[in-house]
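All remarks here apply to the structure that follows.
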Amino acid sequence: MKRIDFVWALVAAGLATTACGEDLAPDQDETGAGGSPAGSRVIHLEEAADVRLTRVDARSEEAWVYLDLDAAGETDEAGGWDLAFQRMAVISNGGASGDGGVAVARIEGTFDDVGEVPESAFVADAEDGADDDDLPDSVFLGSDPWYAYDLESHTLAPQERVFVVRSTEGALFQLAFEGYYDAAGTSGYPTFRWSPLSG
């Protein structure tokens with residue numbers, strides 16, 4: 001084989017490998033049970049009755065992903081968003097984070113245990129306090145965040161608790177985090193089970 005033919009063969013092999021690599025991109029073929037639009041960073045992985053399992057592609061360290069719980073889909077900052085995600089950070093559209101009137105209550109326990117939530121349990125995001133970031137003090141973060149950090153493995157795992165969110169439209173939703181990694185182990189994919197909550 002001539003040297004020039006060998007070089008072109010290597011180039012062709014490299015292009016073929018690159019093409020195959022694109023097929024391995026996380027979540028490229030997942031549309032989710034909720035039929036999320038192509039390119040959406042909010043994917044409904046499972047849906048049964050009113051309960052959804054949703055994963056957010058929140059890998060960016062600069063851009064927020066906005067979720068409208070009432071519409072069950074991604075929106076933008078100008079829309080009626082309820083929650084926004086960036087890496088492990090979660091804020092709500094109320095108080096210091098927005099003017100949507102969203103408030104959140106933190107309930108210890110499991111998704112199936114949520115009963116009546118007293119009005120006094122709901123709080124809005126507060127101005128940033130004395131901590132290591134410049135984010136508003138969200139119910140999801142603070143000194144006792146939605147996740148636990150493992151110092152040995154440097155991984156995050158959800159704590160056993162449920163958040164009840166009062167949306168921009170005044171509806172109640174219960175939400176429990178189930179993970180922070182995609183199937184390939186990539187971080188920045190908060191995944192949670194959620195459903196409307198009567199009352």
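Naming works like this for the structure tokens: A, B, ... for the chains as they're shown, residue 1 at the start of each chain, ligands 1 onward in shown order.
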Please, which residues in region 27-92 of chain A fall within 9 Å of region 191-198 of chain A when counting only C-alpha atoms, and what is the closest atom pair and distance in Å to one decimal for each, ordered by chain then residue number, as CSV?
residue,atom,partner,partner_atom,distance
A:Asp50,CA,A:Ser195,CA,5.6
A:Val51,CA,A:Ser195,CA,4.6
A:Arg52,CA,A:Trp194,CA,5.5
A:Leu53,CA,A:Arg193,CA,4.4
A:Thr54,CA,A:Phe192,CA,5.5
A:Arg55,CA,A:Thr191,CA,4.2
A:Val56,CA,A:Thr191,CA,6.4
A:Leu69,CA,A:Pro196,CA,8.9
A:Asp70,CA,A:Pro196,CA,8.9
- Item | Spatial neighbours of Val114 (chain A), 12 Å, only C-alpha atoms, chain gap at least 6 places, as a PyMOL selection string | chain A and resi 105-108+161-164+172-176+194-199
Could you write those residues out with C-alpha atoms, as a compact mmCIF listing (two decimals), in the first residue's frame?
# COMPACT_ATOMS: atom_id res chain seq x y z
CA ALA A 105 -41.79 23.48 51.99
CA ARG A 106 -39.29 20.79 52.97
CA ILE A 107 -40.81 17.61 54.38
CA GLU A 108 -38.76 14.81 55.92
CA ARG A 161 -36.98 14.15 51.89
CA VAL A 162 -39.77 15.63 49.84
CA PHE A 163 -40.23 19.21 48.71
CA VAL A 164 -43.69 20.66 48.23
CA LEU A 172 -49.07 22.33 44.82
CA PHE A 173 -46.55 19.76 43.60
CA GLN A 174 -44.55 17.22 45.58
CA LEU A 175 -41.03 16.49 44.41
CA ALA A 176 -38.37 14.02 45.59
CA TRP A 194 -42.95 14.61 41.11
CA SER A 195 -46.70 14.91 40.95
CA PRO A 196 -49.54 17.32 41.71
CA LEU A 197 -50.59 17.37 45.35
CA SER A 198 -54.20 17.96 46.23
CA GLY A 199 -55.04 20.51 48.89
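DSSP annotation of region 20-174 of chain A from backbone atoms: helix (DSSP H, G or I) residues are Cys20, Gly21, Glu22, Asp23, Phe111, Asp112, Asp113, Glu119, Ser120 and Ala121 of chain A.
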- Message: One number please: CA of Val117 (chain A) to CA of Glu178 (chain A), in Å, one decimal.
- Response: 21.6 Å
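The gap separating CA of Tyr66 (chain A) from CA of Tyr189 (chain A) is 13.7 Å, in Å to one decimal.
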- Interatomic distance between CA of Leu151 (chain A) and CA of Leu135 (chain A)? 22.6 Å
- Smallest atom-to-atom distance to Gly170 (chain A): which of A:Val139, A:Val102, A:Ala184, A:Val123, using only C-alpha atoms? A:Val102
- Item | Neighbour list for Ala84 (chain A) as a ChimeraX atom specification, cut-off 9 Å, only C-alpha atoms, skip fewer than 3 positions in-chain | /A:64-68,77,81,89-93
- Task: Could you please write out, as a PyMOL selection string, every residue of region 22-161 of chain A that DSSP assigns to strand (DSSP E)?
- Result: chain A and resi 42-48+51-56+65-68+73-75+83-86+89-92+103-108+147-150+155-158+161
- Of A:Ala63, A:Met88, A:Ala126, A:Ala58, the one sitting nearest Ala157 (chain A) when using only C-alpha atoms is A:Met88
- Item | Close residues, Arg87 (chain A) itself excluded, 9 Å, only C-alpha atoms, min 6 positions apart in chain, as a ChimeraX atom specification | /A:57-61,64,180,187-190
So that I have them on file, write out the residues from the current selection with all heavy atoms, as a CSV table (one decimal), in the first residue's frame.
chain,number,residue,atom,x,y,z
A,57,ASP,N,-31.0,18.3,32.2
A,57,ASP,CA,-29.6,18.4,31.8
A,57,ASP,C,-29.1,19.8,32.3
A,57,ASP,O,-29.3,20.8,31.6
A,57,ASP,CB,-29.5,18.3,30.3
A,57,ASP,CG,-28.1,18.5,29.8
A,57,ASP,OD1,-27.2,18.8,30.6
A,57,ASP,OD2,-27.8,18.3,28.6
A,58,ALA,N,-28.6,19.8,33.5
A,58,ALA,CA,-28.2,21.0,34.1
A,58,ALA,C,-26.6,21.1,34.2
A,58,ALA,O,-26.1,21.7,35.2
A,58,ALA,CB,-28.8,21.1,35.5
A,59,ARG,N,-25.9,20.5,33.2
A,59,ARG,CA,-24.5,20.4,33.3
A,59,ARG,C,-23.8,21.8,33.2
A,59,ARG,O,-22.7,21.9,33.7
A,59,ARG,CB,-24.0,19.5,32.2
A,59,ARG,CG,-24.3,18.1,32.3
A,59,ARG,CD,-23.9,17.3,31.1
A,59,ARG,NE,-24.7,17.7,30.0
A,59,ARG,CZ,-24.5,17.3,28.7
A,59,ARG,NH1,-23.4,16.6,28.4
A,59,ARG,NH2,-25.3,17.7,27.7
A,60,SER,N,-24.4,22.7,32.6
A,60,SER,CA,-23.8,24.0,32.4
A,60,SER,C,-23.5,24.7,33.7
A,60,SER,O,-24.4,24.7,34.6
A,60,SER,CB,-24.6,25.0,31.5
A,60,SER,OG,-24.1,26.3,31.5
A,61,GLU,N,-22.3,25.3,33.8
A,61,GLU,CA,-22.0,26.1,35.0
A,61,GLU,C,-22.4,27.6,34.9
A,61,GLU,O,-22.2,28.4,35.8
A,61,GLU,CB,-20.5,26.0,35.4
A,61,GLU,CG,-20.1,24.5,35.7
A,61,GLU,CD,-18.7,24.4,36.1
A,61,GLU,OE1,-18.0,25.4,36.1
A,61,GLU,OE2,-18.2,23.3,36.3
A,64,TRP,N,-28.9,28.6,33.4
A,64,TRP,CA,-30.0,27.9,34.2
A,64,TRP,C,-30.9,27.3,33.2
A,64,TRP,O,-31.2,27.7,32.1
A,64,TRP,CB,-30.7,29.0,35.0
A,64,TRP,CG,-29.9,29.5,36.2
A,64,TRP,CD1,-29.1,30.6,36.1
A,64,TRP,CD2,-29.8,29.0,37.5
A,64,TRP,NE1,-28.5,30.8,37.4
A,64,TRP,CE2,-28.9,29.8,38.2
A,64,TRP,CE3,-30.4,27.9,38.1
A,64,TRP,CZ2,-28.6,29.6,39.5
A,64,TRP,CZ3,-30.1,27.6,39.4
A,64,TRP,CH2,-29.2,28.5,40.1
A,180,TYR,N,-28.4,12.3,40.5
A,180,TYR,CA,-27.7,13.5,40.0
A,180,TYR,C,-26.8,13.1,38.8
A,180,TYR,O,-26.1,13.9,38.3
A,180,TYR,CB,-26.8,14.1,41.1
A,180,TYR,CG,-26.1,15.3,40.7
A,180,TYR,CD1,-26.7,16.5,40.4
A,180,TYR,CD2,-24.7,15.3,40.8
A,180,TYR,CE1,-26.0,17.6,40.0
A,180,TYR,CE2,-24.0,16.5,40.4
A,180,TYR,CZ,-24.7,17.6,40.0
A,180,TYR,OH,-24.0,18.7,39.7
A,187,SER,N,-22.2,13.8,35.8
A,187,SER,CA,-22.9,14.6,36.8
A,187,SER,C,-23.6,15.8,36.1
A,187,SER,O,-23.3,16.1,35.0
A,187,SER,CB,-21.9,15.2,37.8
A,187,SER,OG,-20.9,16.0,37.2
A,188,GLY,N,-24.5,16.4,36.9
A,188,GLY,CA,-25.2,17.6,36.4
A,188,GLY,C,-26.5,17.2,35.8
A,188,GLY,O,-27.1,18.0,35.0
A,189,TYR,N,-27.1,16.0,36.2
A,189,TYR,CA,-28.4,15.6,35.7
A,189,TYR,C,-29.3,15.3,36.9
A,189,TYR,O,-29.6,14.2,37.2
A,189,TYR,CB,-28.2,14.3,34.9
A,189,TYR,CG,-27.7,14.5,33.5
A,189,TYR,CD1,-26.3,14.3,33.3
A,189,TYR,CD2,-28.5,14.8,32.4
A,189,TYR,CE1,-25.8,14.5,32.0
A,189,TYR,CE2,-27.9,14.9,31.2
A,189,TYR,CZ,-26.6,14.8,31.0
A,189,TYR,OH,-26.1,15.0,29.7
A,190,PRO,N,-29.8,16.4,37.6
A,190,PRO,CA,-30.7,16.1,38.7
A,190,PRO,C,-32.0,15.4,38.2
A,190,PRO,O,-32.5,15.8,37.2
A,190,PRO,CB,-31.0,17.5,39.2
A,190,PRO,CG,-30.6,18.5,38.2
A,190,PRO,CD,-29.5,17.8,37.4
